[in-house]
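Below is one structure; the comments refer to it alone.
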Amino acid sequence: MILFFYAISLFGQTFPEKIAIFPFRVNIQIENPTPHPETELPLLFQDATIFLSKTLYQHEFLESSYINENYPEFREGLVELEAKVQMMKICSKNLFSHFLVGEAYFYSKDNIKIYQSVFSCRTMQKLYSSQITTNEFKLQRDLKKNISKILPFLPENLFYKRWNSQFTKENKIFVLVDGSGSMETLFPVLKNSLNPEVMNIYKIQNNNLILVSNTSQLFGSGELSTKDLLYALNQIQKELIPFESELWIFFDSFDKNAKSFRELGVQLKQISNQGIKIKIFQTYKLEIDKWIEIENFKNLSNVEILPVKYARVCGYSDGSRFSFIRMGRSIYLCNEEREDDFLRGINELNECAMLDLYHYTPEELNMDLLCSAYARKNKTKLVYGSSIKTDIERIILKTSKKEQANKLYFKILLKDSTKALWIRLSDRTLLNKLLEYKNTKENFYIGLSFYKDMNGVQNVLDKILLPEQKEIPKLFLLKFKELEKREISSEDIYFFFVQILDLRYE
């Protein structure tokens, strides 16, 4: 009876609109799963969850020190079953409206299970629970996903959404990639330069569109035709947003059917007339006569044709040696020592001699066969042929670059206890704060997000935190050298203890 009246009195209370996050119960079944002592992990998971919740939602989350001072009996973790049993005691202090509890089980570095539940002090009930299986590299992003499932009715943190806007995929770049075997030479380059985190990448294969979530899925098999591209365009058109989306096409499996090519022009025109920018990239195996037909599409509104350079050095028994460079409908014979300069655009191809194409069949103009065909025509013998080089990575990077041309950018060289790393920023307020640290030569904590492109690991521009030491979620504290072996996600925020060595203007 006493317990009944106690419960009634709790229902009559007005609980403040605040959320408490308790220490996690941590169970470790492997050796050295984290660089932190096992006894610290309950509080580290608590702080990490508070940090991630604040990035996701505009709501008041109580500081961990406040919770732990008022509930010292739960410093080693509060699990769901115990929360159910002691809910009245937990809510009786009238400190918050909701509270979150969690458990973390380390079975191996690739098998970490997280359980989380949210309770309401108003209804005295468990509202939501969720669990994930993750690994040491994906712990932050999966923990964040779990939090978003069990705290669904809080106001969204708009600042965080804007912060990540340059990496949102919605309404932006859609990529169609030929998934046939003829693309095998190009796939290693595309794996290094297309980014599934900022692009919606689809592989065309076996009359299907396959969403590519990881570039390791870019491998070729079988054959395709122009009809397969028509089918893919018809399907992807349903996803495109007029005047917002871009469509990139990497395709070389065109057939000899003139009717299919006319249908392709009609479909591209229909899409481009909706305000969709279409970019068609020259692929490695694409025949010259087909490229000439593709060039006719540039007369359509919003269709851009992007020639790509493909180069191969060949040496002959007569002592001649030069680089064959194909770009668009032309093939050039260039100085092999300056091949990289031609590919990077430092030197213009008009400095090279043009190959007379009418001496060769369409099959002989294939870059795989051209060196041998040239030897036969010139009555010499091929003695050396290099691998293929291309500037397609540079073109993709240049094409996808969204930064404003009139912005001023800064490079700052940071160093922690393991190595130095350059970061980029444009925000003047952030720059002024960093300059203070540079002038005082003191070490400080910095939060950074990263992504990978063809130049390696890069920081997300202006997504930078300069927290006080007490605000740092130590579970996400890293060394720069650890970035090399991590799976990088632009959504993750990691913290480093650094000093500034250098600052430059770009």
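Order determines the names: the first chain of the structure tokens is A, the second B, and so forth; residues in each chain are numbered 1 upward, and ligands are numbered 1 upward as they are shown.
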Spatial neighbours of Ser221 of chain A, max dist 7 Å, only C-alpha atoms, sep filter under 3 positions, as a CSV table (one decimal) with N, CA and C atoms, in the first residue's frame:
```
chain,number,residue,atom,x,y,z
A,179,GLY,N,29.1,-2.0,-65.2
A,179,GLY,CA,29.6,-3.1,-64.4
A,179,GLY,C,30.1,-4.3,-65.2
A,180,SER,N,30.4,-4.1,-66.5
A,180,SER,CA,30.8,-5.2,-67.3
A,180,SER,C,32.3,-5.4,-67.2
A,181,GLY,N,32.8,-6.5,-67.8
A,181,GLY,CA,34.2,-6.9,-67.7
A,181,GLY,C,35.1,-5.9,-68.4
```
Just asking: which residues within segment 449-480 of chain A are helix (DSSP H, G or I) according to DSSP, as a PyMOL selection string? chain A and resi 469-471+474-476+480
Any chance you can output those residues with C-alpha atoms as a tab-separated table (two decimals), in the first residue's frame?
```tsv
chain	number	residue	atom	x	y	z
A	469	GLN	CA	39.60	19.14	-21.66
A	470	LYS	CA	36.59	18.22	-19.50
A	471	GLU	CA	34.34	18.20	-22.60
A	474	LYS	CA	38.03	10.15	-24.18
A	475	LEU	CA	36.61	7.11	-25.95
A	476	PHE	CA	37.18	9.08	-29.19
A	480	PHE	CA	47.34	10.81	-35.84
```
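Rounded to one decimal, atom CA of Met124 of chain A and atom CA of Phe24 of chain A lie 20.6 Å from each other.
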Rank A:Glu197, A:Asp356, A:Asp416, A:Glu263 by their smallest atom-to-atom distance to Asp228 of chain A, using only C-alpha atoms, and report the top residue only.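 That would be A:Glu263, the residue with the smallest distance to Asp228 of chain A.
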Can you pull out the residues contacting Glu339 of chain A? Cut-off 9 Å, using only C-alpha atoms, and skip same-chain residues under 2 positions away; I want them as a ChimeraX atom specification. /A:311-313,322-323,325,334-337,341-344
Counting only C-alpha atoms, which residue out of A:Thr215, A:Asn207, A:Leu56, A:Arg75 sits closest to Phe153 of chain A?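 Nearest to Phe153 of chain A: A:Leu56.
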As a check of understanding: the span from atom CA of Thr123 of chain A to atom CA of Leu151 of chain A is 15.9 Å
Using only C-alpha atoms: which of A:Ile28, A:Val79, A:Leu95, A:Leu190 has the shortest distance to Arg394 of chain A: A:Leu190
What does the distance from atom CA of Ile132 of chain A to atom CA of Gln46 of chain A come to in Å, to one decimal?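 Interatomic distance here is 16.6 Å.
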Taking the backbone alone, and naming residues the way the document does, which bits of segment 116-266 of chain A are strand (DSSP E or B) by DSSP, as a PyMOL selection string? chain A and resi 116-120+125-134+156+173-178+199-205+208-212+246-250
Near Ser245 of chain A, within 12 Å and counting only C-alpha atoms, which residues show up once chain neighbours fewer than 5 positions away are dropped, as a list of chain:residue names?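 Returned residues: A:Lys169, A:Glu170, A:Asn171, A:Lys172, A:Ile173, A:Phe174, A:Val175, A:Met199, A:Asn200, A:Ile236, A:Gln237, A:Lys238, A:Glu239, A:Leu240, A:Ile271, A:Ser272, A:Gln274, A:Gly275, A:Ile276, A:Lys277, A:Ile278, A:Lys279, A:Asn302.
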Nearest-residue call for Ser117 of chain A, choices A:Ala20, A:Leu186, A:Ile30, A:Leu52, using only C-alpha atoms: A:Ala20
